[in-house]
Amino acid sequence: DYREDHVCGYEEELVPFSEAEKNCKGIGMNICDRETSSSKCGYNSETAKVWTLETCSVNISVDSSGKVASYHTDKTKMNKVSVNWDNGPLDVKNCPSTCTSLTDSCLCPMRIEIQAVLTACQHRPS
């Protein structure tokens, strides 16, 4: 028996996945596996955001100067970001096997990895 609802503390509230999951469990439900038609919480069908358990993938392009852009939409393709590469930028004439060669860039699947950058704060000498 499928049912859906939006659970919020106030109009247009945005919460992390863990809190959304807790809110759903609190009313005996789970995170929905699709967009909902509910217009509660001040959202309509165009602005409603829902968490999902589905994985997603976005490709990025890396150009010959090493700049990166998301290939999610036409607008994001235009927003190139400079990146500090450990071993210099990719050779776009020889894209990695997981990427596709474009005219002057490599189109690659993006993988998000969460890891600590610092394990402790270091104090600068005075």
# chains A, B, ... in the order shown; residues from 1 in each chain; ligands from 1

call {"tool": "residues_around", "arguments": {"residues": "segment 58-68 of chain A", "least_positions_apart": "6", "cutoff": "10 Å", "atoms": "only C-alpha atoms", "output": "VMD selection string"}}
result
chain A and resid 76 to 85 88 to 93 95 99 to 111

call {"tool": "atom_distance", "arguments": {"atom1": "atom CA of Thr119 of chain A", "atom2": "atom CA of Ser18 of chain A"}}
result
24.1 Å

call {"tool": "select_by_dssp", "arguments": {"residues": "segment 2-98 of chain A", "states": "strand (DSSP E)", "output": "number ranges by chain"}}
result
A: 59-63, 68-70

call {"tool": "write_last_selection", "arguments": {"atoms": "N, CA and C atoms", "output": "PDB file, in the first residue's frame"}}
result
ATOM      1  N   ASN A  59      28.382  13.427 -15.415  1.00  0.00           N
ATOM      2  CA  ASN A  59      29.679  13.459 -16.078  1.00  0.00           C
ATOM      3  C   ASN A  59      30.283  14.844 -15.961  1.00  0.00           C
ATOM      4  N   ILE A  60      31.608  14.886 -15.962  1.00  0.00           N
ATOM      5  CA  ILE A  60      32.330  16.153 -15.965  1.00  0.00           C
ATOM      6  C   ILE A  60      33.259  16.167 -17.174  1.00  0.00           C
ATOM      7  N   SER A  61      33.544  17.358 -17.656  1.00  0.00           N
ATOM      8  CA  SER A  61      34.544  17.474 -18.712  1.00  0.00           C
ATOM      9  C   SER A  61      35.792  18.106 -18.104  1.00  0.00           C
ATOM     10  N   VAL A  62      36.933  17.637 -18.569  1.00  0.00           N
ATOM     11  CA  VAL A  62      38.223  18.190 -18.155  1.00  0.00           C
ATOM     12  C   VAL A  62      38.896  18.667 -19.430  1.00  0.00           C
ATOM     13  N   ASP A  63      39.143  19.986 -19.520  1.00  0.00           N
ATOM     14  CA  ASP A  63      39.737  20.496 -20.760  1.00  0.00           C
ATOM     15  C   ASP A  63      41.267  20.467 -20.698  1.00  0.00           C
ATOM     16  N   VAL A  68      37.569  22.067 -15.043  1.00  0.00           N
ATOM     17  CA  VAL A  68      36.520  21.057 -14.944  1.00  0.00           C
ATOM     18  C   VAL A  68      35.155  21.729 -14.996  1.00  0.00           C
ATOM     19  N   ALA A  69      34.206  21.087 -15.695  1.00  0.00           N
ATOM     20  CA  ALA A  69      32.824  21.576 -15.742  1.00  0.00           C
ATOM     21  C   ALA A  69      31.878  20.381 -15.674  1.00  0.00           C
ATOM     22  N   SER A  70      30.775  20.566 -14.979  1.00  0.00           N
ATOM     23  CA  SER A  70      29.739  19.536 -14.915  1.00  0.00           C
ATOM     24  C   SER A  70      29.002  19.479 -16.248  1.00  0.00           C
TER      25      SER A  70
END

call {"tool": "residues_around", "arguments": {"residues": "Cys41 of chain A", "least_positions_apart": "5", "cutoff": "9 Å", "atoms": "only C-alpha atoms", "output": "list in words"}}
result
His6, Val7, Cys8, Gly9, Tyr10, Glu11, Glu12, Glu13 and Ala48 of chain A

call {"tool": "atom_distance", "arguments": {"atom1": "atom CA of Ile31 of chain A", "atom2": "atom CA of Ile114 of chain A"}}
result
22.5 Å

call {"tool": "select_by_dssp", "arguments": {"residues": "segment 7-100 of chain A", "states": "alpha helix (DSSP H)", "output": "ChimeraX atom specification"}}
result
/A:17-26,74-77

call {"tool": "write_last_selection", "arguments": {"atoms": "N, CA, C and O atoms", "output": "compact mmCIF listing (two decimals), in the first residue's frame"}}
result
# COMPACT_ATOMS: atom_id res chain seq x y z
N PHE A 17 19.83 14.19 4.52
CA PHE A 17 19.21 12.89 4.31
C PHE A 17 18.90 12.19 5.63
O PHE A 17 17.81 11.66 5.82
N SER A 18 19.85 12.20 6.57
CA SER A 18 19.66 11.50 7.84
C SER A 18 18.44 12.02 8.60
O SER A 18 17.69 11.25 9.20
N GLU A 19 18.21 13.34 8.56
CA GLU A 19 17.05 13.91 9.25
C GLU A 19 15.76 13.58 8.51
O GLU A 19 14.74 13.29 9.12
N ALA A 20 15.80 13.62 7.17
CA ALA A 20 14.61 13.25 6.39
C ALA A 20 14.22 11.80 6.68
O ALA A 20 13.05 11.48 6.87
N GLU A 21 15.23 10.93 6.75
CA GLU A 21 14.96 9.52 7.05
C GLU A 21 14.34 9.36 8.43
O GLU A 21 13.37 8.62 8.62
N LYS A 22 14.88 10.10 9.41
CA LYS A 22 14.35 10.06 10.79
C LYS A 22 12.91 10.58 10.82
O LYS A 22 12.04 9.99 11.46
N ASN A 23 12.64 11.69 10.11
CA ASN A 23 11.28 12.25 10.07
C ASN A 23 10.29 11.26 9.48
O ASN A 23 9.17 11.11 9.96
N CYS A 24 10.70 10.59 8.40
CA CYS A 24 9.81 9.60 7.76
C CYS A 24 9.55 8.43 8.70
O CYS A 24 8.41 7.99 8.85
N LYS A 25 10.60 7.92 9.32
CA LYS A 25 10.43 6.80 10.26
C LYS A 25 9.52 7.19 11.42
O LYS A 25 8.76 6.38 11.92
N GLY A 26 9.58 8.48 11.81
CA GLY A 26 8.75 8.97 12.90
C GLY A 26 7.25 8.90 12.63
O GLY A 26 6.45 8.89 13.56
N ASP A 74 23.15 22.47 -19.75
CA ASP A 74 23.87 23.38 -20.63
C ASP A 74 24.52 24.52 -19.84
O ASP A 74 25.60 24.98 -20.18
N LYS A 75 23.86 24.99 -18.78
CA LYS A 75 24.42 26.07 -17.97
C LYS A 75 25.66 25.61 -17.22
O LYS A 75 26.66 26.32 -17.15
N THR A 76 25.63 24.41 -16.64
CA THR A 76 26.78 23.95 -15.87
C THR A 76 27.98 23.65 -16.77
O THR A 76 29.12 23.74 -16.32
N LYS A 77 27.72 23.31 -18.03
CA LYS A 77 28.83 23.06 -18.97
C LYS A 77 29.68 24.32 -19.17
O LYS A 77 30.86 24.24 -19.45

call {"tool": "atom_distance", "arguments": {"atom1": "atom CA of Gly42 of chain A", "atom2": "atom CA of Ser57 of chain A"}}
result
28.5 Å
